[in-house]
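upload.txt, holding compact mmCIF, C-alpha atoms:
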```txt
# COMPACT_ATOMS: atom_id res chain seq x y z
CA MET I 1 -16.51 19.52 22.92
CA SER I 2 -16.71 16.48 20.67
CA GLY I 3 -17.79 18.71 17.81
CA ARG I 4 -14.72 20.94 17.91
CA PRO I 5 -12.15 18.35 16.79
CA THR I 6 -14.46 17.23 13.99
CA GLY I 7 -14.90 20.80 12.80
CA SER I 8 -11.18 21.37 13.05
CA ARG I 9 -10.49 18.27 10.98
CA ARG I 10 -13.02 19.40 8.40
CA HIS I 11 -11.43 22.81 8.25
CA ARG I 12 -7.97 21.33 7.81
CA GLY I 13 -9.27 18.97 5.15
CA ALA I 14 -10.94 21.78 3.22
CA SER I 15 -7.84 23.94 3.50
CA HIS I 16 -5.64 21.08 2.28
CA ALA I 17 -7.97 20.39 -0.65
CA ALA I 18 -7.93 24.06 -1.59
CA GLN I 19 -4.14 24.11 -1.54
CA VAL I 20 -3.94 20.97 -3.69
CA TRP I 21 -6.39 22.44 -6.19
CA ARG I 22 -4.41 25.67 -6.33
CA GLU I 23 -1.24 23.72 -7.10
CA LEU I 24 -3.02 21.66 -9.74
CA ILE I 25 -4.24 24.61 -11.79
CA THR I 26 -1.41 27.10 -11.29
CA VAL I 27 1.03 27.62 -14.14
CA HIS I 28 4.05 29.42 -12.72
CA PRO I 29 5.88 32.29 -14.46
CA HIS I 30 7.95 31.63 -17.55
CA ALA I 31 11.27 32.72 -15.99
CA THR I 32 13.29 32.23 -19.21
CA ALA I 33 12.32 28.56 -19.42
CA HIS I 34 12.76 28.65 -23.20
CA TRP I 35 16.54 28.72 -22.89
CA SER I 36 16.81 25.52 -20.85
CA ALA I 37 14.16 23.89 -23.07
CA LEU I 38 16.16 24.83 -26.16
CA ARG I 39 19.34 23.41 -24.65
CA ALA I 40 17.61 20.13 -23.81
CA ALA I 41 15.97 19.86 -27.24
CA VAL I 42 19.23 20.52 -29.07
CA GLY I 43 21.06 18.02 -26.87
CA ILE I 44 18.61 15.18 -27.44
CA ALA I 45 18.30 16.05 -31.13
CA VAL I 46 22.04 15.80 -31.72
CA SER I 47 22.73 12.78 -29.52
CA SER I 48 19.73 10.70 -30.63
CA GLY I 49 20.21 11.79 -34.25
CA CYS I 50 23.80 10.53 -34.20
CA VAL I 51 22.69 7.22 -32.70
CA LEU I 52 20.05 6.74 -35.39
CA ALA I 53 22.48 7.82 -38.11
CA VAL I 54 24.92 5.03 -37.20
CA GLY I 55 22.09 2.48 -37.17
CA ARG I 56 22.03 1.81 -33.42
CA PRO I 57 18.50 2.59 -32.22
CA GLN I 58 19.05 0.35 -29.18
CA TRP I 59 21.36 3.06 -27.84
CA LEU I 60 18.67 5.73 -27.87
CA GLY I 61 17.98 5.29 -24.17
CA TYR I 62 21.61 5.93 -23.30
CA ALA I 63 21.63 9.07 -25.46
CA SER I 64 18.50 10.33 -23.72
CA PHE I 65 19.74 9.76 -20.18
CA GLY I 66 22.73 12.05 -20.63
CA CYS I 67 20.48 14.90 -21.79
CA PHE I 68 18.92 15.14 -18.34
CA VAL I 69 21.80 17.40 -17.30
CA ALA I 70 19.99 20.26 -19.10
CA VAL I 71 17.45 20.38 -16.25
CA TYR I 72 20.10 21.66 -13.85
CA GLY I 73 21.62 25.09 -13.40
CA ARG I 74 19.09 27.04 -15.44
CA HIS I 75 19.45 30.10 -13.17
CA ALA I 76 22.95 29.41 -11.90
CA THR I 77 26.17 31.23 -12.68
CA TRP I 78 28.23 29.69 -15.47
CA ARG I 79 30.67 28.12 -13.05
CA ALA I 80 27.93 26.77 -10.79
CA ARG I 81 26.08 25.37 -13.81
CA LEU I 82 29.26 23.71 -15.05
CA GLU I 83 30.00 22.10 -11.69
CA THR I 84 26.40 20.96 -11.20
CA GLN I 85 25.97 19.53 -14.67
CA LEU I 86 29.32 17.75 -14.53
CA GLY I 87 28.31 16.16 -11.23
CA VAL I 88 24.85 15.13 -12.44
CA GLY I 89 26.34 13.81 -15.69
CA ALA I 90 28.83 11.68 -13.76
CA ALA I 91 26.02 10.36 -11.54
CA LEU I 92 23.88 9.47 -14.58
CA THR I 93 26.79 7.72 -16.28
CA ALA I 94 27.57 5.73 -13.14
CA THR I 95 23.89 4.79 -12.78
CA VAL I 96 23.63 3.61 -16.39
CA THR I 97 26.77 1.55 -15.88
CA LEU I 98 25.35 -0.01 -12.73
CA GLY I 99 21.99 -0.69 -14.39
CA THR I 100 23.62 -2.27 -17.44
CA VAL I 101 25.75 -4.52 -15.27
CA ALA I 102 22.64 -5.54 -13.36
CA GLY I 103 20.86 -6.20 -16.68
CA LEU I 104 23.52 -8.75 -17.61
CA PHE I 105 22.26 -10.97 -14.79
CA ARG I 106 18.54 -10.50 -15.59
CA PRO I 107 17.59 -9.22 -12.12
CA GLY I 108 14.29 -10.24 -10.61
CA GLY I 109 11.78 -8.01 -8.89
CA LEU I 110 13.53 -7.96 -5.51
CA VAL I 111 16.95 -7.18 -7.00
CA THR I 112 15.52 -4.42 -9.19
CA ALA I 113 13.66 -2.91 -6.23
CA PHE I 114 16.83 -2.96 -4.14
CA LEU I 115 18.81 -1.38 -6.99
CA LEU I 116 16.32 1.48 -7.36
CA MET I 117 16.22 1.98 -3.60
CA VAL I 118 20.01 2.38 -3.42
CA VAL I 119 20.15 4.66 -6.47
CA SER I 120 17.33 6.88 -5.21
CA GLY I 121 18.74 7.18 -1.69
CA LEU I 122 22.28 7.90 -2.87
CA GLY I 123 20.95 10.40 -5.40
CA PHE I 124 19.09 12.24 -2.67
CA LEU I 125 22.07 12.39 -0.30
CA THR I 126 24.45 13.42 -3.08
CA ALA I 127 22.08 16.17 -4.14
CA LYS I 128 21.94 17.47 -0.57
CA ARG I 129 25.72 17.33 -0.28
CA HIS I 130 26.42 19.15 -3.56
CA ASP I 131 23.39 21.48 -3.61
CA TRP I 132 21.73 19.97 -6.68
CA VAL I 133 18.19 21.24 -7.15
CA PRO I 134 16.00 19.32 -7.83
CA PRO I 135 17.33 16.03 -6.37
CA PRO I 136 18.09 13.82 -9.40
CA SER I 137 16.58 10.66 -7.90
CA VAL I 138 13.76 10.48 -10.47
CA PHE I 139 16.27 10.55 -13.35
CA LEU I 140 18.63 8.09 -11.68
CA VAL I 141 15.81 5.67 -10.87
CA PHE I 142 14.56 5.93 -14.46
CA ALA I 143 18.05 5.28 -15.86
CA ALA I 144 18.77 2.36 -13.52
CA GLY I 145 15.37 0.75 -14.06
CA ALA I 146 15.40 1.11 -17.84
CA THR I 147 18.93 -0.15 -18.35
CA SER I 148 18.51 -3.10 -15.98
CA ALA I 149 15.43 -4.20 -17.96
CA MET I 150 17.11 -3.98 -21.38
CA PRO I 151 18.16 -7.22 -23.13
CA VAL I 152 21.89 -6.47 -22.98
CA THR I 153 25.08 -8.46 -23.37
CA ALA I 154 28.60 -7.83 -22.13
CA GLY I 155 29.36 -6.07 -25.40
CA ASP I 156 26.76 -3.42 -24.63
CA LEU I 157 28.51 -2.19 -21.51
CA VAL I 158 31.08 0.00 -23.27
CA PRO I 159 28.56 1.64 -25.64
CA ALA I 160 26.22 2.28 -22.70
CA VAL I 161 28.92 4.12 -20.77
CA CYS I 162 30.34 5.99 -23.76
CA VAL I 163 27.02 7.10 -25.25
CA THR I 164 25.66 8.28 -21.88
CA ALA I 165 28.88 10.11 -21.02
CA GLY I 166 29.07 11.63 -24.49
CA SER I 167 25.47 12.81 -24.35
CA ALA I 168 26.03 14.32 -20.91
CA ALA I 169 29.22 16.03 -22.11
CA LEU I 170 27.30 17.47 -25.05
CA GLY I 171 24.67 18.80 -22.66
CA VAL I 172 27.36 20.42 -20.51
CA MET I 173 28.94 22.03 -23.57
CA ILE I 174 25.60 23.39 -24.74
CA GLY I 175 24.95 24.73 -21.25
CA GLN I 176 28.18 26.74 -21.41
CA LEU I 177 27.53 28.36 -24.78
CA GLY I 178 25.93 31.29 -22.99
CA ARG I 179 29.41 32.37 -21.92
CA LEU I 180 29.84 33.71 -25.45
CA LEU I 181 26.98 36.17 -24.92
CA PRO I 182 27.21 39.39 -22.90
CA ALA I 183 24.92 38.02 -20.18
CA ASP I 184 24.46 39.62 -16.78
CA GLU I 185 25.10 37.25 -13.85
CA ARG I 186 23.84 39.56 -11.11
CA ASN I 187 20.52 37.71 -10.90
CA ARG I 188 22.06 34.23 -10.92
CA PHE I 189 22.99 32.16 -7.89
CA GLY I 190 26.01 30.04 -7.10
CA ARG I 191 26.35 26.75 -5.29
CA THR I 192 26.53 26.26 -1.53
CA PRO I 193 27.80 22.69 -1.16
CA GLY I 194 28.16 21.27 2.31
CA THR I 195 29.64 18.13 3.80
CA TYR I 196 28.11 14.77 4.61
CA ARG I 197 28.85 15.42 8.27
CA SER I 198 26.86 18.66 8.19
CA LEU I 199 23.87 16.85 6.69
CA ARG I 200 23.23 15.18 10.04
CA ARG I 201 22.24 18.54 11.49
CA GLU I 202 19.82 19.38 8.68
CA PRO I 203 16.15 19.34 9.78
CA GLY I 204 14.07 16.52 8.33
CA LEU I 205 16.96 14.74 6.59
CA VAL I 206 16.23 11.32 8.09
CA ARG I 207 12.57 11.51 7.19
CA GLU I 208 13.32 12.53 3.57
CA ALA I 209 16.02 9.89 3.18
CA VAL I 210 13.64 7.18 4.42
CA CYS I 211 10.97 8.29 1.95
CA TYR I 212 13.41 8.45 -0.97
CA THR I 213 14.56 4.90 -0.30
CA ALA I 214 11.32 3.25 0.79
CA GLY I 215 9.09 4.76 -1.90
CA PRO I 216 10.82 3.39 -5.02
CA PHE I 217 11.62 0.09 -3.29
CA LEU I 218 8.05 -0.67 -2.22
CA ALA I 219 6.50 0.55 -5.48
CA THR I 220 8.84 -1.55 -7.63
CA LEU I 221 8.39 -4.58 -5.42
CA LEU I 222 4.60 -4.24 -5.56
CA ALA I 223 4.60 -3.89 -9.35
CA ALA I 224 6.86 -6.92 -9.74
CA ALA I 225 4.74 -9.01 -7.39
CA ALA I 226 1.62 -8.02 -9.34
CA GLY I 227 3.23 -9.25 -12.55
CA PHE I 228 3.44 -5.91 -14.37
CA GLY I 229 5.76 -5.81 -17.36
CA HIS I 230 7.81 -2.76 -16.35
CA PRO I 231 8.02 -2.63 -12.54
CA SER I 232 10.69 0.05 -12.59
CA TRP I 233 8.11 2.50 -13.97
CA ALA I 234 6.30 2.28 -10.64
CA GLY I 235 9.57 3.10 -8.88
CA VAL I 236 10.08 6.14 -11.09
CA ALA I 237 6.54 7.40 -10.42
CA ALA I 238 7.07 6.91 -6.67
CA THR I 239 9.92 9.45 -6.62
CA VAL I 240 7.78 12.23 -8.13
CA PRO I 241 5.72 13.31 -5.06
CA LEU I 242 8.81 13.17 -2.86
CA ALA I 243 10.16 16.41 -4.34
CA GLY I 244 7.24 18.40 -2.87
CA ARG I 245 7.97 20.38 0.27
CA THR I 246 4.41 20.40 1.57
CA ALA I 247 1.67 17.78 1.71
CA ALA I 248 -0.40 19.79 -0.77
CA VAL I 249 2.44 19.98 -3.29
CA GLN I 250 3.10 16.26 -2.89
CA ALA I 251 -0.53 15.37 -3.55
CA ALA I 252 -0.67 17.77 -6.50
CA ARG I 253 2.48 16.30 -8.05
CA ALA I 254 1.05 12.80 -7.71
CA ALA I 255 -2.18 13.85 -9.44
CA GLN I 256 -0.28 15.74 -12.13
CA ARG I 257 1.93 12.73 -12.80
CA PHE I 258 -1.05 10.45 -13.31
CA ALA I 259 -3.17 12.92 -15.30
CA GLY I 260 -0.21 13.94 -17.47
CA THR I 261 0.56 10.29 -18.11
CA LEU I 262 -2.98 9.64 -19.32
CA VAL I 263 -2.78 12.49 -21.82
CA GLY I 264 0.75 11.48 -22.81
CA ILE I 265 -0.47 7.94 -23.47
CA VAL I 266 -3.05 9.29 -25.93
CA VAL I 267 -0.34 11.30 -27.69
CA THR I 268 1.96 8.28 -27.82
CA TYR I 269 -0.77 6.05 -29.23
CA ALA I 270 -1.59 8.61 -31.92
CA VAL I 271 2.07 8.83 -32.91
CA LEU I 272 2.94 5.12 -32.93
CA VAL I 273 -0.18 3.64 -34.52
CA PRO I 274 0.49 5.07 -38.02
CA ASP I 275 3.90 3.31 -38.09
CA LEU I 276 5.85 6.45 -38.95
CA PRO I 277 9.45 6.21 -40.15
CA ALA I 278 12.24 6.56 -37.60
CA TRP I 279 13.19 10.10 -38.64
CA MET I 280 9.66 11.35 -38.03
CA LEU I 281 9.56 9.69 -34.62
CA TRP I 282 12.88 11.37 -33.90
CA ILE I 283 11.25 14.74 -34.60
CA VAL I 284 8.38 13.81 -32.25
CA VAL I 285 10.86 12.98 -29.47
CA VAL I 286 12.65 16.31 -29.88
CA LEU I 287 9.39 18.29 -29.83
CA CYS I 288 8.11 16.42 -26.78
CA MET I 289 11.38 17.06 -24.98
CA LEU I 290 10.99 20.74 -25.79
CA VAL I 291 7.48 20.79 -24.30
CA ALA I 292 8.63 18.91 -21.21
CA GLU I 293 11.44 21.35 -20.49
CA LEU I 294 9.27 24.39 -21.15
CA PHE I 295 6.89 23.38 -18.35
CA ILE I 296 8.95 21.19 -15.98
CA ALA I 297 9.40 24.11 -13.56
CA ARG I 298 6.05 25.76 -14.32
CA HIS I 299 3.43 23.00 -14.30
CA TYR I 300 4.53 19.42 -13.80
CA GLY I 301 1.35 17.91 -15.27
CA ILE I 302 1.87 19.63 -18.63
CA ALA I 303 5.52 18.59 -18.58
CA VAL I 304 4.54 14.93 -18.12
CA VAL I 305 2.47 15.17 -21.32
CA GLY I 306 5.81 15.67 -23.06
CA ILE I 307 7.83 13.33 -20.86
CA THR I 308 5.60 10.30 -21.48
CA PRO I 309 5.86 10.25 -25.31
CA THR I 310 9.58 11.02 -25.08
CA ALA I 311 10.20 7.92 -22.96
CA LEU I 312 7.79 5.59 -24.75
CA VAL I 313 8.68 6.56 -28.32
CA THR I 314 12.38 6.30 -27.50
CA GLY I 315 11.77 2.86 -25.98
CA HIS I 316 9.74 1.82 -29.03
CA LEU I 317 12.54 2.83 -31.38
CA ALA I 318 15.09 0.96 -29.29
CA ALA I 319 13.04 -2.22 -28.73
CA PRO I 320 9.60 -2.37 -30.41
CA GLY I 321 6.98 -4.30 -28.47
CA PRO I 322 3.21 -4.79 -28.20
CA LEU I 323 1.90 -1.25 -28.00
CA ARG I 324 -1.27 -1.75 -25.99
CA SER I 325 0.38 -3.77 -23.24
CA VAL I 326 3.17 -1.21 -22.92
CA LEU I 327 0.72 1.69 -22.67
CA GLY I 328 -1.42 -0.22 -20.19
CA ASP I 329 1.59 -0.98 -18.02
CA ARG I 330 2.52 2.71 -18.05
CA VAL I 331 -0.87 3.78 -16.73
CA VAL I 332 -1.24 1.09 -14.07
CA GLU I 333 2.32 1.32 -12.79
CA THR I 334 2.23 5.10 -12.66
CA LEU I 335 -0.89 4.92 -10.52
CA ALA I 336 0.69 2.28 -8.28
CA GLY I 337 3.86 4.32 -7.88
CA VAL I 338 2.23 7.60 -6.86
CA VAL I 339 -0.17 5.85 -4.49
CA VAL I 340 2.66 3.98 -2.76
CA SER I 341 4.64 7.22 -2.49
CA LEU I 342 1.75 9.08 -0.88
CA VAL I 343 1.23 6.23 1.58
CA VAL I 344 4.93 6.30 2.52
CA LEU I 345 4.84 10.08 2.96
CA SER I 346 1.71 9.85 5.12
CA ALA I 347 3.26 7.16 7.30
CA ALA I 348 6.44 9.21 7.68
CA ASP I 349 4.43 12.28 8.71
CA ARG I 350 2.53 10.22 11.27
CA VAL I 351 5.71 8.83 12.79
CA GLN I 352 7.23 12.29 12.85
CA ARG I 353 4.24 13.78 14.67
CA ARG I 354 4.34 11.02 17.27
CA ALA I 355 8.06 11.52 17.79
CA ASN I 356 7.59 15.26 18.21
CA ARG I 357 4.90 14.72 20.86
CA ARG I 358 7.06 12.44 23.00
CA PRO I 359 9.22 13.84 25.81
CA ARG I 360 12.67 14.58 24.48
CA ASP I 361 15.62 13.01 26.23
CA HIS I 362 18.24 15.80 26.38
CA GLY I 363 17.45 16.74 22.80
CA LEU I 364 18.58 13.41 21.32
CA ARG I 365 15.18 12.55 19.90
CA GLU I 366 14.90 15.94 18.17
CA ARG I 367 18.19 15.39 16.41
CA ARG I 368 17.14 11.95 15.23
CA TRP I 369 13.72 12.93 13.93
CA PRO I 370 13.31 16.73 13.86
CA ARG I 371 10.25 18.60 12.74
CA VAL I 372 10.38 20.01 9.23
CA THR I 373 10.00 23.76 9.63
CA GLY I 374 11.48 25.18 6.46
CA ARG I 375 13.51 24.56 3.36
CA THR I 376 17.10 24.04 2.54
CA ALA I 377 19.10 26.89 1.09
CA GLY I 378 19.09 25.26 -2.34
CA ASP I 379 15.33 24.83 -2.33
CA MET I 380 14.79 28.44 -1.31
CA LYS I 381 16.98 29.73 -4.09
CA GLU I 382 15.23 27.64 -6.67
CA SER I 383 11.79 28.68 -5.42
CA GLU I 384 12.69 32.33 -5.82
CA TRP I 385 12.86 31.69 -9.56
CA ASN I 386 10.13 29.13 -10.10
CA ASP I 387 7.61 29.99 -7.35
CA GLN I 388 6.88 26.28 -7.28
CA GLU I 389 5.82 25.74 -3.72
CA SER I 390 4.24 27.47 -0.78
CA LEU I 391 6.66 29.11 1.60
CA SER I 392 4.58 28.16 4.62
CA PRO I 393 5.93 25.31 6.78
CA ARG I 394 4.34 21.90 6.54
```

Go ahead and render the structure in this file as structure tokens.
Amino acid sequence: MSGRPTGSRRHRGASHAAQVWRELITVHPHATAHWSALRAAVGIAVSSGCVLAVGRPQWLGYASFGCFVAVYGRHATWRARLETQLGVGAALTATVTLGTVAGLFRPGGLVTAFLLMVVSGLGFLTAKRHDWVPPPSVFLVFAAGATSAMPVTAGDLVPAVCVTAGSAALGVMIGQLGRLLPADERNRFGRTPGTYRSLRREPGLVREAVCYTAGPFLATLLAAAAGFGHPSWAGVAATVPLAGRTAAVQAARAAQRFAGTLVGIVVTYAVLVPDLPAWMLWIVVVLCMLVAELFIARHYGIAVVGITPTALVTGHLAAPGPLRSVLGDRVVETLAGVVVSLVVLSAADRVQRRANRRPRDHGLRERRWPRVTGRTAGDMKESEWNDQESLSPR
């Protein structure tokens, strides 16, 4: 009898490893990804080009943050895309404003960790309320962490808000250009927003909310305590596995984030070492953004190869620094972030299993900590297009 549990554990472990490997090597169907990639590339090309043209490279980060709206609504109806992108653009602008205000006071590690925790948690809940897929926490954490770490003054607050809002508005406008074409909307989906009160009845909400808040907080705090130069990067990396709906997808996304970062670091080093002029680096940023958007819904690891140079080259143009230390921080903090996130997810699963095994008191315990048995409506609709995740329950 003692051998049966061991064999069962081995079988589960082998099955889990096989699922992770399958996620790591699978490139999902194209599904018209070129259109969203083109929208994102045009948006960042125009917004960052204007910023460089007026001689304000320190605003490049703000111009880039607004372009994140292009990720949303790729298979939505025009109205649903408009509503979603307007909402995400407003959230990004508010986050940049909050991060810039925090940057005025030079926040320490604890304050930065708390800021990223609040931004990630609110981003998750807002996404659930308004049916935003994927949850924008990774973008909001990135925006809040980057802006809070910038050497800003009170005079930078207005440009930060205006450039981010303008870039987001440009992205929304580009996303609506398809209305001019005779496109068929029969295969597009709309939005199914709910209410915050209805979220309390959604299975697994408490568990996900805890992970989305604890992951970035602990990762950022750990990176700051270890003395890393960019602790918010660990918080950003910690949000990546959280988007997975199964343990295998979460582990695969963590591995893809780290492996993609390593390759992206090599690309960044090759681009920045020759000391290219700003206009050539601008072209590199646009091309990397194009690659990232082409694969963001198909293979996250390949997308990160484009995401990493986009972020680091943009940061180098805005505030040049010692290259090797920046690249080293990126690798170490990415590893720390994904490891912390996986630990938080494992702990949450363990607590959930224990809660599900306990006797339920008139159903109250099930409502507080229910078992995750499926997906939300928004996740299911998105998976029909991207085939990102397994449909089997965790």

Nearest to Pro309 in chain I by atom-to-atom distance, counting only C-alpha atoms, from I:Ala113, I:Ala278, I:Val119, I:Val271 =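 So, comparing all the options, the nearest one is I:Val271.
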
With distances taken over only C-alpha atoms, which of I:Val158, I:Pro135, I:Ile174, I:Arg129 is nearest to Glu202 in chain I?
-> I:Arg129

Of the candidates I:Phe295, I:Leu110, I:Ala169, I:Ala254, which one gets nearest to Phe217 in chain I if we count all atoms listed in the file?
->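 Residue with the minimum atom-to-atom distance to Phe217 in chain I: I:Leu110.
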
For Ala259 in chain I, which residue out of I:Ala45, I:Val304, I:Leu276, I:Ala90 is the nearest one, using all atoms listed in the file?
->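 Among the listed residues, the smallest separation from Ala259 in chain I belongs to I:Val304.
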
Any idea what the distance is between CA of Ala209 in chain I and CA of Ala91 in chain I?
->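 Result for CA of Ala209 in chain I versus CA of Ala91 in chain I: 17.8 Å, one decimal.
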
Exercise: Ile25 in chain I partners within 10 Å, all atoms listed in the file, chain neighbours under 6 positions left out, as a PyMOL selection string | chain I and resi 252+256+299+301

Could you please fill out range 19-40 of chain I with N, CA and C atoms and send it back as a tab-separated table (two decimals), in the frame of the given file?
```tsv
chain	number	residue	atom	x	y	z
I	19	GLN	N	-5.54	23.96	-1.17
I	19	GLN	CA	-4.14	24.11	-1.54
I	19	GLN	C	-3.75	23.17	-2.67
I	20	VAL	N	-4.24	21.93	-2.62
I	20	VAL	CA	-3.94	20.97	-3.69
I	20	VAL	C	-4.52	21.48	-5.01
I	21	TRP	N	-5.77	21.94	-4.97
I	21	TRP	CA	-6.39	22.44	-6.19
I	21	TRP	C	-5.63	23.63	-6.76
I	22	ARG	N	-5.17	24.51	-5.87
I	22	ARG	CA	-4.41	25.67	-6.33
I	22	ARG	C	-3.12	25.23	-7.03
I	23	GLU	N	-2.45	24.23	-6.47
I	23	GLU	CA	-1.24	23.72	-7.10
I	23	GLU	C	-1.53	23.04	-8.44
I	24	LEU	N	-2.68	22.38	-8.52
I	24	LEU	CA	-3.02	21.66	-9.74
I	24	LEU	C	-3.24	22.60	-10.92
I	25	ILE	N	-3.83	23.75	-10.68
I	25	ILE	CA	-4.24	24.61	-11.79
I	25	ILE	C	-3.28	25.77	-12.03
I	26	THR	N	-2.31	25.95	-11.16
I	26	THR	CA	-1.41	27.10	-11.29
I	26	THR	C	-0.29	26.79	-12.26
I	27	VAL	N	-0.12	27.67	-13.24
I	27	VAL	CA	1.03	27.62	-14.14
I	27	VAL	C	1.96	28.76	-13.73
I	28	HIS	N	3.13	28.42	-13.29
I	28	HIS	CA	4.05	29.42	-12.72
I	28	HIS	C	4.69	30.26	-13.81
I	29	PRO	N	5.31	31.38	-13.45
I	29	PRO	CA	5.88	32.29	-14.46
I	29	PRO	C	6.90	31.61	-15.36
I	30	HIS	N	7.07	32.21	-16.53
I	30	HIS	CA	7.95	31.63	-17.55
I	30	HIS	C	9.40	31.56	-17.09
I	31	ALA	N	9.91	32.67	-16.57
I	31	ALA	CA	11.27	32.72	-15.99
I	31	ALA	C	12.33	32.16	-16.94
I	32	THR	N	12.30	32.61	-18.18
I	32	THR	CA	13.29	32.23	-19.21
I	32	THR	C	13.40	30.72	-19.38
I	33	ALA	N	12.28	30.01	-19.26
I	33	ALA	CA	12.32	28.56	-19.42
I	33	ALA	C	12.68	28.13	-20.83
I	34	HIS	N	12.50	29.03	-21.80
I	34	HIS	CA	12.76	28.65	-23.20
I	34	HIS	C	14.23	28.34	-23.44
I	35	TRP	N	15.12	28.97	-22.67
I	35	TRP	CA	16.54	28.72	-22.89
I	35	TRP	C	16.93	27.30	-22.47
I	36	SER	N	16.50	26.89	-21.29
I	36	SER	CA	16.81	25.52	-20.85
I	36	SER	C	16.11	24.50	-21.73
I	37	ALA	N	14.87	24.81	-22.17
I	37	ALA	CA	14.16	23.89	-23.07
I	37	ALA	C	14.90	23.76	-24.40
I	38	LEU	N	15.41	24.87	-24.91
I	38	LEU	CA	16.16	24.83	-26.16
I	38	LEU	C	17.44	24.02	-26.01
I	39	ARG	N	18.11	24.18	-24.88
I	39	ARG	CA	19.34	23.41	-24.65
I	39	ARG	C	19.04	21.92	-24.60
I	40	ALA	N	17.96	21.55	-23.91
I	40	ALA	CA	17.61	20.13	-23.81
I	40	ALA	C	17.21	19.56	-25.16
```
